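Engineer: Before I ask anything, let me first share the structure, which is written out below as structure tokens.
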Amino acid sequence: MSVRERQPVAPPWTGDGVLLLEDGTLFHGVPFGWRGVRLGEAVFSTAMAGYQEALTDPSYCGQILSLTVPHVGNYGVNPEDVESRRIHLAGFVITHRARLHSNWRASGTLDDYLRAQNVPGLEGIDVRALVRHLRDRGAMKAAISTDGTPVDELRQELAAWQGIDHEDLSRRVTVPEPTPFLLTDGETESPVHCRKAAFPARVAAIDFGMKRNIVRNLIWRGCRVTAFPSGVDAREILDFAPDGVFLSNGPGNPAMVDAGIATVRRLLQDKALPVFGICLGHQILGLALGARTFKLPFGHRGTNHPVQDVATGRVWITSQNHGFSIDPASLPPDLHVTHISLHDRTIEGLALRDRPVFSVQFHPEASPGPRDSLVLFDRFVEAMEARHAP
């Protein structure tokens, strides 16, 4: 066995699954879910719960996700906890898959869920070794195989693949046409108190890969949300006459979202229009205003990342899922930093001076995760109300 190969953490298991990284490192595991081969970017998350939300988060499109929590699948899957229409991962890698699930809402197993949506899974991999490797070497291209494909074939496919950083991935996950959002009967009431808008605010949400819980938080505050495709022209948004524009989260390299950047740049010519961005939307706002982005070594993915509010010094515990960040040296004079990461001091929030335009890198909707930063949705509502104040 090559010193670059890793044995399963439970030697009695047998299987023909592998995870091959672009630097040649090979991990052996036991397949579950769909049988086949997928190429993607290998990343990891430190979240201790919420595997179904992660599976259906469009921000993971094109990635092979590994979870550091040791047991996955113990509460099954259900139709209520999805963040989008389907699974977006290229592959799913875990230490141990629970064979029995226990939850009164569960409607199926994790294995069946991945199998039905053509997503390969591997268990029995030494996830600790994988995560340490990615932390040392950075996120990288990878191939996951659950059907016994020879490793030499995987190496050839991986070498020929350019990766996800050169593609506008938002095109894969956005709505095909303008789509008004409605909530189902079981999700119409917010589980926590939130500020209600003084009028039914019309929100044009540019969908770069928007999570369902973002929509819920806007509607719970009295907003009427219509999602627009990521490549929408600014004129279509302006013809909609929104009270505010929301820029959603989404996958991939923000610099590749050319149409979205151009649209936001045009919308910002209306100096009274409230704009709120989250995650990829935050990065696109920065790019539209003249800043630059760069790729983080292994990204921020988890539900317990500390972020500090620069103005107050208060620390929020946040949910995060991103692989890029805004370069602080590239900020124009009228764009100031509102939040910073206490892990690596990267930018976590931006705002324009004297204008209702702001964004955050983290996920205030936090599903799963803390609710400290839900106040940002309230601020967006207040900005839309102020625009119409006499």
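The way I read the labels, and the way they are meant: chains A, B, ... in the order of the structure tokens, residue 1 as the first residue of every chain, and ligand 1 as the first ligand shown, with later ones counted on from there.
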Counting only C-alpha atoms, give me one row per residue of region 106-224 of chain A with an atom at most 9 Å from an atom of region 54-70 of chain A, showing the shortest contact pair and its distance in Å to one decimal, sorted by chain then residue number, as a Markdown table.
Structural biologist:
| residue | atom | partner | partner_atom | distance |
| --- | --- | --- | --- | --- |
| A:Val127 | CA | A:Thr68 | CA | 6.4 |
| A:Arg128 | CA | A:Thr68 | CA | 7.1 |
| A:Leu130 | CA | A:Ser66 | CA | 8.5 |
| A:Val131 | CA | A:Thr68 | CA | 7.8 |
| A:Lys141 | CA | A:Gln63 | CA | 8.8 |
| A:Ala142 | CA | A:Ile64 | CA | 7.6 |
| A:Ala143 | CA | A:Ile64 | CA | 8.4 |
| A:Ile144 | CA | A:Ile64 | CA | 7.8 |
| A:Gly163 | CA | A:Gly62 | CA | 8.7 |
| A:Ile164 | CA | A:Gly62 | CA | 6.6 |
| A:Leu169 | CA | A:Cys61 | CA | 7.2 |
| A:Ser170 | CA | A:Pro58 | CA | 8.5 |
| A:Arg172 | CA | A:Cys61 | CA | 8.1 |
| A:Val173 | CA | A:Pro58 | CA | 6.3 |
| A:Thr174 | CA | A:Pro58 | CA | 8.8 |
| A:Phe208 | CA | A:Pro58 | CA | 8.6 |
| A:Gly209 | CA | A:Pro58 | CA | 5.1 |
| A:Met210 | CA | A:Pro58 | CA | 6.9 |
| A:Lys211 | CA | A:Asp57 | CA | 6.2 |
| A:Arg212 | CA | A:Asp57 | CA | 8.7 |
Engineer: Tell me, in Å to one decimal, how far CA of Ala116 (chain A) is from CA of Phe32 (chain A).
Structural biologist: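 Value for the CA of Ala116 (chain A)-CA of Phe32 (chain A) distance: 11.5 Å.
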Engineer: Which of region 158-260 of chain A end up as alpha helix (DSSP H) when DSSP is run on this backbone - answer as a list in words?
Structural biologist: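 Taking region 158-260 of chain A and keeping alpha helix (DSSP H) gives Leu158, Ala159, Ala160, Ser170, Arg171, Arg172, Val173, Arg212, Asn213, Ile214, Val215, Arg216, Asn217, Leu218, Ile219, Trp220, Ala234, Arg235, Glu236, Ile237, Leu238, Asp239, Phe240, Asp258, Ala259 and Gly260 of chain A.
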Engineer: Identify which of the residues A:Gly349, A:Pro370, A:Pro120, A:Pro229 lies closest to Thr179 (chain A), counting only C-alpha atoms when measuring atom-to-atom distances.
Structural biologist: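 Checking each candidate against Thr179 (chain A), we get A:Pro229 as the closest.
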Engineer: Skipping near chain neighbours, those fewer than 6 positions away, what residues fall within 10 Å of region 238-240 of chain A using only C-alpha atoms, listed as an MDAnalysis selection string?
Structural biologist: chainID A and resid 202:204 226 266:267 270
Engineer: Please list as a list in words every residue within 12 Å of Leu268 (chain A), counting only C-alpha atoms and excluding residues in the same chain fewer than 4 positions away.
Structural biologist: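 Result of the neighbour search: Ala234, Ile237, Leu238, Gly244, Val245, Ile261, Ala262, Thr263, Val264, Ala272, Leu273, Pro274, Val275, Phe276, Leu285, Gly286, Ala288, Leu289, Leu352, Arg355, Pro356, Val357 and Phe358 of chain A.
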Engineer: Quick one: everything within 10 Å of Glu187 (chain A), counting only C-alpha atoms, minus sequence neighbours fewer than 4 positions away in the same chain. Send it as a ChimeraX atom specification.
Structural biologist: /A:80,182-183,191,213,216,220
Engineer: Per DSSP on the backbone, what are the strand (DSSP E) residues of region 116-317 of chain A, as a PyMOL selection string?
Structural biologist: chain A and resi 120-123+140-145+179-180+202-207+224-229+244-247+275-278+293-309+315-317
Engineer: Could you write out the selected residues, including N, CA and C atoms, as a short mmCIF file (atom, residue, chain, number, x, y, z; two decimals), in the first residue's frame?
Structural biologist:
data_model
loop_
_atom_site.label_atom_id
_atom_site.label_comp_id
_atom_site.auth_asym_id
_atom_site.auth_seq_id
_atom_site.Cartn_x
_atom_site.Cartn_y
_atom_site.Cartn_z
N PRO A 120 -23.28 10.22 -5.04
CA PRO A 120 -22.49 9.16 -4.41
C PRO A 120 -22.07 9.53 -2.99
N GLY A 121 -22.07 8.55 -2.10
CA GLY A 121 -21.60 8.75 -0.74
C GLY A 121 -20.54 7.73 -0.37
N LEU A 122 -19.64 8.13 0.52
CA LEU A 122 -18.62 7.22 1.04
C LEU A 122 -18.59 7.33 2.55
N GLU A 123 -18.55 6.19 3.23
CA GLU A 123 -18.35 6.18 4.68
C GLU A 123 -17.13 5.31 4.98
N MET A 140 -9.15 21.19 -2.94
CA MET A 140 -8.58 20.79 -4.23
C MET A 140 -9.57 19.94 -5.02
N LYS A 141 -9.28 19.80 -6.30
CA LYS A 141 -10.10 18.94 -7.14
C LYS A 141 -10.05 17.51 -6.63
N ALA A 142 -11.15 16.78 -6.83
CA ALA A 142 -11.21 15.40 -6.35
C ALA A 142 -12.19 14.60 -7.19
N ALA A 143 -12.01 13.29 -7.15
CA ALA A 143 -12.93 12.35 -7.79
C ALA A 143 -13.44 11.39 -6.72
N ILE A 144 -14.76 11.19 -6.70
CA ILE A 144 -15.35 10.21 -5.81
C ILE A 144 -15.94 9.10 -6.67
N SER A 145 -15.62 7.87 -6.32
CA SER A 145 -16.09 6.71 -7.08
C SER A 145 -16.72 5.70 -6.13
N THR A 179 -39.88 34.24 -10.26
CA THR A 179 -40.72 33.30 -9.51
C THR A 179 -41.14 33.90 -8.17
N PRO A 180 -42.43 34.22 -7.99
CA PRO A 180 -42.89 34.66 -6.67
C PRO A 180 -42.84 33.49 -5.68
N ARG A 202 -42.03 44.95 -1.46
CA ARG A 202 -41.71 44.14 -2.64
C ARG A 202 -40.20 43.96 -2.72
N VAL A 203 -39.75 42.71 -2.59
CA VAL A 203 -38.33 42.40 -2.62
C VAL A 203 -38.00 41.65 -3.90
N ALA A 204 -37.09 42.20 -4.68
CA ALA A 204 -36.55 41.50 -5.84
C ALA A 204 -35.28 40.77 -5.39
N ALA A 205 -35.35 39.45 -5.33
CA ALA A 205 -34.23 38.64 -4.86
C ALA A 205 -33.51 38.05 -6.08
N ILE A 206 -32.27 38.46 -6.30
CA ILE A 206 -31.50 37.86 -7.39
C ILE A 206 -30.97 36.53 -6.88
N ASP A 207 -31.41 35.47 -7.53
CA ASP A 207 -31.19 34.11 -7.04
C ASP A 207 -29.90 33.54 -7.63
N ARG A 224 -42.90 40.60 0.29
CA ARG A 224 -43.34 39.80 -0.85
C ARG A 224 -42.12 39.58 -1.73
N VAL A 225 -41.69 38.32 -1.80
CA VAL A 225 -40.40 38.00 -2.42
C VAL A 225 -40.61 37.38 -3.80
N THR A 226 -39.96 37.96 -4.79
CA THR A 226 -39.91 37.39 -6.14
C THR A 226 -38.45 37.13 -6.49
N ALA A 227 -38.14 35.88 -6.83
CA ALA A 227 -36.78 35.51 -7.21
C ALA A 227 -36.58 35.74 -8.70
N PHE A 228 -35.43 36.32 -9.06
CA PHE A 228 -35.06 36.55 -10.45
C PHE A 228 -33.82 35.74 -10.78
N PRO A 229 -33.70 35.26 -12.03
CA PRO A 229 -32.52 34.48 -12.41
C PRO A 229 -31.22 35.25 -12.20
N GLY A 244 -36.88 46.93 -2.33
CA GLY A 244 -35.52 46.58 -1.97
C GLY A 244 -35.04 45.43 -2.82
N VAL A 245 -33.72 45.28 -2.94
CA VAL A 245 -33.12 44.20 -3.72
C VAL A 245 -32.29 43.34 -2.77
N PHE A 246 -32.51 42.04 -2.86
CA PHE A 246 -31.72 41.10 -2.07
C PHE A 246 -30.80 40.32 -3.00
N LEU A 247 -29.53 40.17 -2.59
CA LEU A 247 -28.54 39.40 -3.35
C LEU A 247 -28.24 38.14 -2.57
N VAL A 275 -30.27 47.68 -0.62
CA VAL A 275 -29.68 46.44 -1.15
C VAL A 275 -29.05 45.68 0.01
N PHE A 276 -29.37 44.39 0.09
CA PHE A 276 -28.86 43.53 1.16
C PHE A 276 -28.32 42.26 0.52
N GLY A 277 -27.07 41.90 0.82
CA GLY A 277 -26.47 40.70 0.25
C GLY A 277 -25.96 39.75 1.31
N ILE A 278 -26.03 38.46 1.01
CA ILE A 278 -25.53 37.41 1.90
C ILE A 278 -24.59 36.50 1.12
N THR A 293 -11.79 39.91 -5.09
CA THR A 293 -11.94 38.74 -4.23
C THR A 293 -10.75 37.81 -4.41
N PHE A 294 -10.54 36.95 -3.41
CA PHE A 294 -9.48 35.94 -3.50
C PHE A 294 -9.99 34.65 -2.87
N LYS A 295 -9.35 33.54 -3.23
CA LYS A 295 -9.77 32.24 -2.72
C LYS A 295 -9.08 31.94 -1.40
N LEU A 296 -9.88 31.52 -0.41
CA LEU A 296 -9.34 31.12 0.87
C LEU A 296 -8.68 29.74 0.75
N PRO A 297 -7.72 29.43 1.61
CA PRO A 297 -7.05 28.13 1.50
C PRO A 297 -8.01 26.94 1.57
N PHE A 298 -8.88 26.92 2.58
CA PHE A 298 -9.84 25.81 2.69
C PHE A 298 -11.23 26.29 3.08
N GLY A 299 -11.48 27.58 3.03
CA GLY A 299 -12.82 28.11 3.22
C GLY A 299 -13.28 28.13 4.67
N HIS A 300 -14.47 28.69 4.85
CA HIS A 300 -15.15 28.71 6.15
C HIS A 300 -16.47 27.95 5.99
N ARG A 301 -16.57 26.81 6.65
CA ARG A 301 -17.79 26.01 6.55
C ARG A 301 -18.09 25.41 7.91
N GLY A 302 -19.18 25.86 8.53
CA GLY A 302 -19.55 25.38 9.85
C GLY A 302 -20.61 26.28 10.46
N THR A 303 -20.98 26.00 11.70
CA THR A 303 -22.07 26.74 12.34
C THR A 303 -21.65 27.44 13.62
N ASN A 304 -20.35 27.56 13.87
CA ASN A 304 -19.91 28.19 15.11
C ASN A 304 -18.74 29.15 14.90
N HIS A 305 -18.79 29.91 13.81
CA HIS A 305 -17.70 30.83 13.49
C HIS A 305 -17.93 32.18 14.17
N PRO A 306 -16.99 32.65 15.00
CA PRO A 306 -17.17 33.93 15.67
C PRO A 306 -16.87 35.11 14.75
N VAL A 307 -17.80 36.06 14.75
CA VAL A 307 -17.67 37.26 13.92
C VAL A 307 -17.91 38.47 14.81
N GLN A 308 -17.09 39.50 14.65
CA GLN A 308 -17.22 40.69 15.49
C GLN A 308 -17.81 41.86 14.70
N ASP A 309 -18.81 42.50 15.32
CA ASP A 309 -19.37 43.74 14.80
C ASP A 309 -18.37 44.85 15.11
N VAL A 315 -19.78 40.17 19.62
CA VAL A 315 -19.41 38.97 18.85
C VAL A 315 -20.65 38.13 18.59
N TRP A 316 -20.83 37.76 17.33
CA TRP A 316 -21.91 36.87 16.92
C TRP A 316 -21.31 35.51 16.57
N ILE A 317 -22.01 34.45 16.93
CA ILE A 317 -21.64 33.11 16.49
C ILE A 317 -22.46 32.81 15.24
#
Engineer: For Gln52 (chain A), list every protein, DNA or RNA residue within 8 Å, evaluated using only C-alpha atoms, and leave out those in the same chain fewer than 6 positions away; present the list as a VMD selection string.
Structural biologist: chain A and resid 77 81 to 82
